[in-house]
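Colleague: One file is attached below, data-v4.pdb, containing PDB, C-alpha atoms.
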```
ATOM      1  CA  MET A   1      93.072 -23.458 -14.253
ATOM      2  CA  SER A   2      92.300 -25.250 -17.506
ATOM      3  CA  ALA A   3      89.291 -24.148 -19.512
ATOM      4  CA  ASN A   4      87.838 -27.649 -19.224
ATOM      5  CA  ASN A   5      88.013 -27.522 -15.421
ATOM      6  CA  ILE A   6      86.199 -24.175 -15.415
ATOM      7  CA  VAL A   7      83.449 -25.482 -17.679
ATOM      8  CA  GLN A   8      82.960 -28.645 -15.605
ATOM      9  CA  GLN A   9      82.870 -26.684 -12.350
ATOM     10  CA  LEU A  10      80.250 -24.244 -13.653
ATOM     11  CA  GLU A  11      78.111 -27.049 -15.048
ATOM     12  CA  GLU A  12      78.396 -29.044 -11.827
ATOM     13  CA  LEU A  13      77.297 -26.064  -9.730
ATOM     14  CA  GLU A  14      74.302 -25.505 -11.985
ATOM     15  CA  VAL A  15      73.228 -29.136 -11.689
ATOM     16  CA  LEU A  16      73.683 -29.217  -7.908
ATOM     17  CA  GLU A  17      71.486 -26.129  -7.574
ATOM     18  CA  ALA A  18      68.816 -27.901  -9.618
ATOM     19  CA  ILE A  19      69.035 -31.149  -7.615
ATOM     20  CA  PHE A  20      69.183 -29.537  -4.152
ATOM     21  CA  PRO A  21      67.316 -26.235  -4.566
ATOM     22  CA  ASP A  22      66.780 -25.702  -0.824
ATOM     23  CA  LYS A  23      69.909 -27.219   0.694
ATOM     24  CA  TRP A  24      72.729 -26.219  -1.660
ATOM     25  CA  LYS A  25      73.919 -22.692  -0.899
ATOM     26  CA  LYS A  26      75.985 -20.528  -3.198
ATOM     27  CA  CYS A  27      78.023 -17.831  -1.498
ATOM     28  CA  GLU A  28      77.602 -14.264  -2.690
ATOM     29  CA  ARG A  29      81.292 -13.377  -2.721
ATOM     30  CA  PRO A  30      83.788 -14.862  -5.197
ATOM     31  CA  ASN A  31      86.251 -17.528  -4.030
ATOM     32  CA  GLU A  32      84.019 -18.402  -1.087
ATOM     33  CA  PRO A  33      83.050 -22.048  -0.409
ATOM     34  CA  PHE A  34      79.667 -23.573  -1.212
ATOM     35  CA  SER A  35      77.668 -25.400   1.435
ATOM     36  CA  MET A  36      75.273 -28.330   1.556
ATOM     37  CA  ARG A  37      73.027 -28.907   4.557
ATOM     38  CA  ILE A  38      72.619 -32.663   5.180
ATOM     39  CA  ASN A  39      70.547 -32.260   8.341
ATOM     40  CA  LYS A  40      70.400 -29.930  11.326
ATOM     41  CA  ASP A  41      73.653 -31.369  12.715
ATOM     42  CA  VAL A  42      75.700 -31.900   9.548
ATOM     43  CA  GLU A  43      76.859 -29.421   6.933
ATOM     44  CA  LEU A  44      79.396 -29.913   4.151
ATOM     45  CA  TRP A  45      81.479 -27.021   2.815
ATOM     46  CA  ILE A  46      83.091 -27.308  -0.614
ATOM     47  CA  GLU A  47      85.733 -25.056  -2.141
ATOM     48  CA  PHE A  48      86.907 -25.538  -5.729
ATOM     49  CA  ASN A  49      90.550 -25.334  -6.693
ATOM     50  CA  LYS A  50      92.098 -24.794 -10.098
ATOM     51  CA  GLU A  51      93.052 -28.473 -10.450
ATOM     52  CA  TYR A  52      89.537 -29.877  -9.910
ATOM     53  CA  PRO A  53      88.344 -32.195 -11.364
ATOM     54  CA  SER A  54      91.295 -33.047 -13.623
ATOM     55  CA  HIS A  55      94.076 -33.547 -11.048
ATOM     56  CA  MET A  56      92.815 -32.863  -7.525
ATOM     57  CA  PRO A  57      89.593 -33.210  -5.539
ATOM     58  CA  PRO A  58      87.951 -30.032  -4.231
ATOM     59  CA  HIS A  59      88.767 -28.912  -0.685
ATOM     60  CA  TYR A  60      86.063 -29.748   1.842
ATOM     61  CA  GLU A  61      85.272 -29.008   5.470
ATOM     62  CA  LEU A  62      82.719 -30.880   7.533
ATOM     63  CA  TRP A  63      80.677 -29.392  10.358
ATOM     64  CA  ALA A  64      79.326 -32.388  12.247
ATOM     65  CA  PRO A  65      79.767 -32.059  16.022
ATOM     66  CA  LYS A  66      77.791 -35.246  16.761
ATOM     67  CA  LEU A  67      79.807 -37.546  14.497
ATOM     68  CA  SER A  68      82.663 -39.499  16.028
ATOM     69  CA  ARG A  69      86.287 -39.258  14.943
ATOM     70  CA  SER A  70      86.059 -42.710  13.372
ATOM     71  CA  GLN A  71      82.991 -41.684  11.373
ATOM     72  CA  LYS A  72      84.756 -38.569  10.112
ATOM     73  CA  ASP A  73      87.791 -40.660   9.158
ATOM     74  CA  LEU A  74      85.492 -43.025   7.258
ATOM     75  CA  ILE A  75      83.955 -40.080   5.396
ATOM     76  CA  ASP A  76      87.408 -38.813   4.438
ATOM     77  CA  GLU A  77      88.440 -42.269   3.250
ATOM     78  CA  LYS A  78      85.287 -42.688   1.127
ATOM     79  CA  PHE A  79      85.633 -39.195  -0.356
ATOM     80  CA  LYS A  80      89.179 -40.019  -1.459
ATOM     81  CA  GLU A  81      88.043 -43.337  -2.954
ATOM     82  CA  ILE A  82      85.256 -41.650  -4.900
ATOM     83  CA  TYR A  83      87.618 -39.075  -6.367
ATOM     84  CA  GLU A  84      90.235 -41.663  -7.376
ATOM     85  CA  LEU A  85      87.583 -43.801  -9.073
ATOM     86  CA  ASN A  86      86.191 -40.800 -10.957
ATOM     87  CA  ARG A  87      89.283 -38.653 -11.514
ATOM     88  CA  GLY A  88      88.596 -36.056 -14.192
ATOM     89  CA  TYR A  89      84.826 -36.065 -13.622
ATOM     90  CA  PRO A  90      82.537 -34.218 -11.193
ATOM     91  CA  ILE A  91      82.187 -36.046  -7.857
ATOM     92  CA  ILE A  92      80.415 -33.671  -5.439
ATOM     93  CA  PHE A  93      77.017 -35.319  -5.907
ATOM     94  CA  GLN A  94      78.595 -38.697  -5.066
ATOM     95  CA  TRP A  95      80.265 -37.157  -2.001
ATOM     96  CA  ILE A  96      76.923 -35.814  -0.802
ATOM     97  CA  GLU A  97      75.186 -39.157  -1.283
ATOM     98  CA  LYS A  98      77.968 -41.040   0.522
ATOM     99  CA  LEU A  99      77.910 -38.517   3.384
ATOM    100  CA  LYS A 100      74.141 -38.904   3.706
ATOM    101  CA  GLU A 101      74.525 -42.686   3.756
ATOM    102  CA  ILE A 102      77.079 -42.569   6.579
ATOM    103  CA  VAL A 103      75.097 -39.986   8.561
ATOM    104  CA  GLU A 104      71.865 -41.965   8.219
ATOM    105  CA  ALA A 105      73.621 -45.155   9.328
ATOM    106  CA  SER A 106      74.679 -43.362  12.513
ATOM    107  CA  VAL A 107      71.071 -42.552  13.523
ATOM    108  CA  PRO A 108      70.014 -44.839  16.414
ATOM    109  CA  ALA A 109      66.922 -47.016  16.210
ATOM    110  CA  LYS A 110      63.645 -45.685  17.562
ATOM    111  CA  LYS A 111      62.434 -46.829  20.987
ATOM    112  CA  ASN A 112      59.715 -48.983  19.433
ATOM    113  CA  GLY A 113      62.438 -51.208  17.999
ATOM    114  CA  LYS A 114      61.937 -50.142  14.395
ATOM    115  CA  ASN A 115      64.731 -48.459  12.534
ATOM    116  CA  ASN A 116      64.294 -44.934  11.387
ATOM    117  CA  PRO A 117      63.280 -45.114   7.725
ATOM    118  CA  LYS A 118      66.312 -44.404   5.607
ATOM    119  CA  ASN A 119      65.898 -41.035   4.017
ATOM    120  CA  LYS A 120      66.049 -41.334   0.291
ATOM    121  CA  PHE A 121      67.619 -38.863  -2.061
ATOM    122  CA  VAL A 122      65.684 -35.584  -1.808
ATOM    123  CA  MET A 123      64.053 -36.023  -5.206
ATOM    124  CA  ASP A 124      62.456 -39.313  -4.080
ATOM    125  CA  ASN A 125      61.023 -37.617  -0.999
ATOM    126  CA  MET A 126      59.114 -35.225  -3.220
ATOM    127  CA  ILE A 127      57.196 -38.062  -4.881
ATOM    128  CA  ASN A 128      56.551 -40.582  -2.092
ATOM    129  CA  ASP A 129      52.959 -39.512  -1.386
ATOM    130  CA  ARG A 130      51.967 -37.902  -4.639
ATOM    131  CA  LEU A 131      53.457 -39.941  -7.475
ATOM    132  CA  GLU A 132      50.792 -42.642  -7.518
ATOM    133  CA  LYS A 133      47.925 -40.140  -7.285
ATOM    134  CA  ARG A 134      49.281 -38.069 -10.144
ATOM    135  CA  ARG A 135      50.449 -40.936 -12.348
ATOM    136  CA  SER A 136      47.377 -40.929 -14.582
ATOM    137  CA  ASN A 137      47.650 -37.157 -15.083
ATOM    138  CA  ASN A 138      51.364 -37.125 -15.788
ATOM    139  CA  LYS A 139      51.498 -39.758 -18.498
ATOM    140  CA  THR A 140      50.044 -39.740 -21.965
ATOM    141  CA  SER A 141      47.679 -42.491 -23.029
ATOM    142  CA  LEU A 142      49.392 -45.284 -24.943
ATOM    143  CA  ALA A 143      46.484 -45.312 -27.366
ATOM    144  CA  GLU A 144      47.390 -41.766 -28.364
ATOM    145  CA  GLU A 145      51.096 -42.491 -28.798
ATOM    146  CA  LYS A 146      53.251 -43.837 -31.535
ATOM    147  CA  CYS A 147      55.798 -44.691 -28.850
ATOM    148  CA  ASP A 148      55.036 -48.015 -27.105
ATOM    149  CA  ARG A 149      56.353 -46.712 -23.781
ATOM    150  CA  GLU A 150      54.836 -44.256 -21.339
ATOM    151  CA  ILE A 151      56.020 -40.664 -21.499
ATOM    152  CA  THR A 152      55.899 -38.563 -18.353
ATOM    153  CA  HIS A 153      55.251 -34.836 -18.849
ATOM    154  CA  GLY A 154      56.476 -32.330 -16.274
ATOM    155  CA  GLU A 155      54.866 -29.158 -15.007
ATOM    156  CA  PRO A 156      55.650 -26.105 -17.176
ATOM    157  CA  ILE A 157      58.080 -23.501 -15.844
ATOM    158  CA  THR A 158      57.453 -19.969 -17.120
ATOM    159  CA  ASP A 159      59.792 -16.991 -16.899
ATOM    160  CA  ARG A 160      59.413 -13.727 -18.839
ATOM    161  CA  LYS A 161      57.060 -15.298 -21.380
ATOM    162  CA  SER A 162      59.317 -18.285 -22.090
ATOM    163  CA  THR A 163      57.999 -21.684 -21.001
ATOM    164  CA  PHE A 164      59.982 -24.869 -20.330
ATOM    165  CA  GLN A 165      58.517 -28.360 -19.979
ATOM    166  CA  GLY A 166      60.259 -31.686 -19.434
ATOM    167  CA  HIS A 167      59.298 -35.063 -20.898
ATOM    168  CA  VAL A 168      60.817 -38.353 -19.716
ATOM    169  CA  CYS A 169      60.606 -41.915 -21.014
ATOM    170  CA  ARG A 170      62.208 -45.185 -19.966
ATOM    171  CA  VAL A 171      64.191 -46.581 -22.894
ATOM    172  CA  THR A 172      66.433 -49.586 -23.497
ATOM    173  CA  ASP A 173      67.747 -48.834 -26.981
ATOM    174  CA  GLU A 174      68.253 -45.876 -29.293
ATOM    175  CA  SER A 175      65.286 -46.765 -31.500
ATOM    176  CA  GLN A 176      63.003 -46.111 -28.527
ATOM    177  CA  VAL A 177      64.587 -42.683 -28.087
ATOM    178  CA  LYS A 178      63.626 -41.864 -31.674
ATOM    179  CA  GLN A 179      60.113 -43.217 -31.099
ATOM    180  CA  MET A 180      59.749 -40.997 -28.062
ATOM    181  CA  LEU A 181      60.878 -37.886 -29.932
ATOM    182  CA  ASP A 182      58.676 -38.695 -32.940
ATOM    183  CA  THR A 183      55.691 -39.142 -30.637
ATOM    184  CA  LEU A 184      56.303 -35.814 -28.909
ATOM    185  CA  LEU A 185      56.637 -34.003 -32.229
ATOM    186  CA  GLU A 186      53.244 -35.314 -33.339
ATOM    187  CA  ASN A 187      51.885 -32.823 -30.808
ATOM    188  CA  LYS A 188      51.551 -29.598 -32.799
ATOM    189  CA  LYS A 189      52.297 -27.372 -29.816
ATOM    190  CA  ILE A 190      55.525 -29.240 -29.031
ATOM    191  CA  SER A 191      56.639 -29.408 -32.657
ATOM    192  CA  GLN A 192      56.224 -25.627 -32.997
ATOM    193  CA  ALA A 193      58.354 -24.878 -29.924
ATOM    194  CA  LYS A 194      61.635 -23.043 -30.401
ATOM    195  CA  HIS A 195      63.711 -25.935 -29.002
ATOM    196  CA  ASN A 196      63.231 -29.591 -28.086
ATOM    197  CA  ILE A 197      66.466 -30.424 -26.256
ATOM    198  CA  LEU A 198      67.286 -34.126 -25.898
ATOM    199  CA  ALA A 199      69.620 -36.297 -23.808
ATOM    200  CA  TYR A 200      69.645 -40.001 -23.033
ATOM    201  CA  ARG A 201      71.685 -42.677 -21.234
ATOM    202  CA  ILE A 202      71.236 -46.397 -21.910
ATOM    203  CA  ALA A 203      73.002 -49.234 -20.078
ATOM    204  CA  LYS A 204      74.200 -52.155 -22.200
ATOM    205  CA  GLY A 205      75.935 -54.414 -19.701
ATOM    206  CA  ASN A 206      78.968 -52.469 -18.475
ATOM    207  CA  LEU A 207      78.700 -50.048 -21.394
ATOM    208  CA  ILE A 208      76.779 -46.769 -21.213
ATOM    209  CA  ILE A 209      75.436 -45.436 -24.514
ATOM    210  CA  SER A 210      74.629 -41.738 -24.323
ATOM    211  CA  ASP A 211      74.090 -38.766 -26.580
ATOM    212  CA  CYS A 212      72.393 -35.389 -26.674
ATOM    213  CA  ASP A 213      70.979 -32.817 -29.086
ATOM    214  CA  ASP A 214      70.922 -29.040 -28.484
ATOM    215  CA  ASP A 215      68.197 -28.447 -31.102
ATOM    216  CA  GLY A 216      69.550 -24.943 -31.632
ATOM    217  CA  GLU A 217      70.067 -24.057 -27.944
ATOM    218  CA  ASN A 218      73.865 -24.158 -27.740
ATOM    219  CA  HIS A 219      75.277 -26.368 -24.962
ATOM    220  CA  ALA A 220      71.804 -27.193 -23.576
ATOM    221  CA  GLY A 221      71.887 -30.848 -24.620
ATOM    222  CA  GLY A 222      75.256 -31.334 -22.959
ATOM    223  CA  ARG A 223      73.926 -29.846 -19.737
ATOM    224  CA  LEU A 224      70.966 -32.222 -19.788
ATOM    225  CA  LEU A 225      73.305 -35.155 -20.320
ATOM    226  CA  HIS A 226      75.513 -33.872 -17.498
ATOM    227  CA  LEU A 227      72.472 -33.906 -15.194
ATOM    228  CA  LEU A 228      71.743 -37.541 -16.120
ATOM    229  CA  GLU A 229      75.397 -38.457 -15.522
ATOM    230  CA  ILE A 230      75.512 -36.844 -12.084
ATOM    231  CA  LEU A 231      72.267 -38.584 -11.119
ATOM    232  CA  ASP A 232      73.613 -41.801 -12.680
ATOM    233  CA  ALA A 233      70.211 -42.177 -14.361
ATOM    234  CA  LYS A 234      70.203 -45.105 -16.773
ATOM    235  CA  ASN A 235      67.797 -46.297 -19.460
ATOM    236  CA  VAL A 236      66.137 -42.922 -19.701
ATOM    237  CA  ALA A 237      65.562 -40.276 -22.337
ATOM    238  CA  VAL A 238      64.660 -36.709 -21.395
ATOM    239  CA  VAL A 239      63.433 -33.924 -23.648
ATOM    240  CA  VAL A 240      62.977 -30.327 -22.514
ATOM    241  CA  THR A 241      60.706 -28.228 -24.703
ATOM    242  CA  ARG A 242      61.217 -24.472 -24.719
ATOM    243  CA  TRP A 243      58.661 -22.052 -26.092
ATOM    244  CA  PHE A 244      60.504 -18.750 -26.543
ATOM    245  CA  GLY A 245      58.622 -15.671 -25.397
ATOM    246  CA  GLY A 246      60.707 -13.034 -27.164
ATOM    247  CA  ILE A 247      62.771 -11.988 -24.125
ATOM    248  CA  HIS A 248      66.308 -13.340 -23.794
ATOM    249  CA  LEU A 249      66.862 -14.985 -20.397
ATOM    250  CA  GLY A 250      70.637 -15.279 -20.473
ATOM    251  CA  PRO A 251      72.086 -17.992 -18.167
ATOM    252  CA  ASP A 252      68.703 -18.372 -16.419
ATOM    253  CA  ARG A 253      67.517 -20.454 -19.363
ATOM    254  CA  PHE A 254      69.936 -23.233 -18.424
ATOM    255  CA  LYS A 255      68.667 -23.226 -14.841
ATOM    256  CA  HIS A 256      65.088 -23.628 -16.101
ATOM    257  CA  ILE A 257      66.117 -26.403 -18.510
ATOM    258  CA  SER A 258      67.808 -28.313 -15.669
ATOM    259  CA  ASN A 259      64.888 -27.763 -13.308
ATOM    260  CA  ALA A 260      62.314 -28.839 -15.907
ATOM    261  CA  ALA A 261      64.284 -32.039 -16.512
ATOM    262  CA  ARG A 262      64.861 -32.720 -12.814
ATOM    263  CA  GLN A 263      61.208 -32.263 -11.876
ATOM    264  CA  THR A 264      60.108 -34.620 -14.626
ATOM    265  CA  LEU A 265      62.669 -37.224 -13.618
ATOM    266  CA  VAL A 266      61.153 -36.996 -10.137
ATOM    267  CA  LYS A 267      57.695 -37.707 -11.517
ATOM    268  CA  SER A 268      59.071 -40.683 -13.422
ATOM    269  CA  GLY A 269      60.685 -42.176 -10.330
ATOM    270  CA  PHE A 270      64.264 -41.730 -11.529
ATOM    271  CA  LYS A 271      67.003 -40.712  -9.108
TER     272      LYS A 271
END
```
Can you present the structure in this file as structure tokens?

Modeller:
Amino acid sequence: MSANNIVQQLEELEVLEAIFPDKWKKCERPNEPFSMRINKDVELWIEFNKEYPSHMPPHYELWAPKLSRSQKDLIDEKFKEIYELNRGYPIIFQWIEKLKEIVEASVPAKKNGKNNPKNKFVMDNMINDRLEKRRSNNKTSLAEEKCDREITHGEPITDRKSTFQGHVCRVTDESQVKQMLDTLLENKKISQAKHNILAYRIAKGNLIISDCDDDGENHAGGRLLHLLEILDAKNVAVVVTRWFGGIHLGPDRFKHISNAARQTLVKSGFK
């Protein structure tokens, strides 16, 4: 197994745990498959191999007793298409979304003649009822900002005296990314934090402009950017502020960075 495959697999697992905290299950024993619960009747099992993602897709098994043979064949066909279109890059998130789409399309209409509402990606479900109510509390006042765009601030995550907080802003060019960061750093508490980790993705036609900054937390910026790539979030900049509490968290710090970013993307309405 190449070192690059190992790194991409570990980063992909970390991001999937952050995106699907309740439905993505990691097995306790090594070399065991991972599972994703789609609904009570559908579960996807994934097992990495040494050639994924560079040369082969991961192995998968599908538990779905209520799906027809033709539906399962369609799922297999779409999974193969997704891998071939993205060879060399993580594709499990796209597999999950495609599986959900096919499963949801198989749900019959309700008796009242209305279709079942299509379930959105789990992060959207978290904000449907609360986003509008909390909007005024989540965003800074434009009058107080140097940045001419709204910045959404996430809820702090604290572990062993370290605190992580995400900040998200819609951007359409790199100058707005700088404005966002400059505005955040005008806040004395944020500017005095140990790290302000940055990642952004901007769509310019068919071109995606992206970059990241670790701000002293090695590999953290790349993990944030990886999260944005898996979510296919465009025209967004995310900063995660970390106030260090004096106790080293080891790999848990990356989980908190991903979760802080994900939760703030939820508040901002990004998928």

Colleague: Give me the residues near segment 167-171 of chain A as a compact mmCIF listing (two decimals) with C-alpha atoms, keeping the file's coordinate frame, where near means some atom within 6 Å (using all atoms listed in the file) and where sequence neighbours in that chain fewer than 3 positions away do not count.

Modeller:
```txt
# COMPACT_ATOMS: atom_id res chain seq x y z
CA ILE A 151 56.02 -40.66 -21.50
CA THR A 152 55.90 -38.56 -18.35
CA HIS A 153 55.25 -34.84 -18.85
CA GLN A 176 63.00 -46.11 -28.53
CA ASN A 235 67.80 -46.30 -19.46
CA VAL A 236 66.14 -42.92 -19.70
CA ALA A 237 65.56 -40.28 -22.34
CA VAL A 238 64.66 -36.71 -21.40
CA VAL A 239 63.43 -33.92 -23.65
```

Colleague: Given the PyMOL selection byres ((chain A and resi 163) around 10) and the file above, list the residues it selects as a list in words.

Modeller: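 Given this file, the PyMOL selection byres ((chain A and resi 163) around 10) evaluates to Pro156, Ile157, Thr158, Asp159, Arg160, Lys161, Ser162, Phe164, Gln165, Ala193, Thr241, Arg242, Trp243, Phe244, Gly245, Arg253, His256, Ile257 and Ala260 of chain A.
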
Colleague: List the neighbours of segment 82-95 of chain A out to 9 Å using only C-alpha atoms; skip same-chain residues closer than 3 positions along the sequence, and give me the result as a PyMOL selection string.

Modeller: chain A and resi 5+8-9+12+16+46+52-58+75+77-79+98-100+230-231

Colleague: Let me make sure I understand: among A:Val240, A:Ala64, A:Val15, A:Leu228, which one has the smallest atom-to-atom distance to Phe270 of chain A if we use all atoms listed in the file?

Modeller: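 The answer is A:Leu228, which sits nearest to Phe270 of chain A.
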
Colleague: How would you write, as an MDAnalysis selection string, the residues chosen by the PyMOL selection byres ((chain A and resi 173) around 9) on this structure?

Modeller: chainID A and resid 171:172 174:177 202:204 209 235

Colleague: Pick out the closest residue to Val7 of chain A from this set: A:Lys50, A:Leu62, A:Glu155, A:Pro33. Count only C-alpha atoms.

Modeller: A:Lys50

Colleague: List as a ChimeraX atom specification the residues having at least one atom at most 12 Å from position (71.6, -26.3, -4.7) as given in the file, counting all atoms listed in the file.

Modeller: /A:12-27,34-38,92-93,96,122,255,258-259

Colleague: Under the rule that all atoms listed in the file are counted, which of A:His219, A:Gly154, A:Ile247, A:His226 is the nearest residue to Thr264 of chain A?

Modeller: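 Of all the options, A:Gly154 lies closest to Thr264 of chain A.
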
Colleague: Between A:Asp213, A:Glu61, A:Asp182, A:Asp76, which has the minimum distance to Glu47 of chain A (counting only C-alpha atoms)?

Modeller: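 That would be A:Glu61, the residue with the smallest distance to Glu47 of chain A.
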
Colleague: Please, what distance in Å, to one decimal, runs between atom CA of Leu44 of chain A and atom CA of Glu11 of chain A?

Modeller: 19.5 Å

Colleague: Nearest to Gly246 of chain A among A:Lys194, A:Ile6, A:Arg223, A:Lys80, with distances taken over only C-alpha atoms: which residue is it?

Modeller: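 Ranking A:Lys194, A:Ile6, A:Arg223, A:Lys80 by distance to Gly246 of chain A, first place goes to A:Lys194.
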
Colleague: Which residues match the PyMOL selection byres ((chain A and resi 103) around 9) in the file above, as number ranges by chain?

Modeller: A: 38-39, 42, 67, 71, 98-102, 104-107

Colleague: Counting all atoms listed in the file, figure out which residue out of A:Ile197, A:Ala233, A:Leu227, A:Leu74 gets nearest to Leu184 of chain A.

Modeller: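 Answer, going by the shortest atom-to-atom distance: A:Ile197.
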
Colleague: Work out how far apart atom CA of Lys234 of chain A and atom CA of Ala220 of chain A are and give it in Å to one decimal.

Modeller: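 Answer for the atom CA of Lys234 of chain A to atom CA of Ala220 of chain A separation: 19.2 Å.
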
Colleague: So how far away is atom CA of Glu81 of chain A from atom CA of Asp41 of chain A, in Å?

Modeller: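 Here the two named atoms are 24.4 Å from each other.
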
Colleague: Would you list the contacts of Leu225 of chain A as a PyMOL selection string, taking every protein, DNA or RNA residue within 8 Å and counting only C-alpha atoms, but skipping same-chain residues closer than 6 positions in sequence?

Modeller: chain A and resi 199-201+210-212
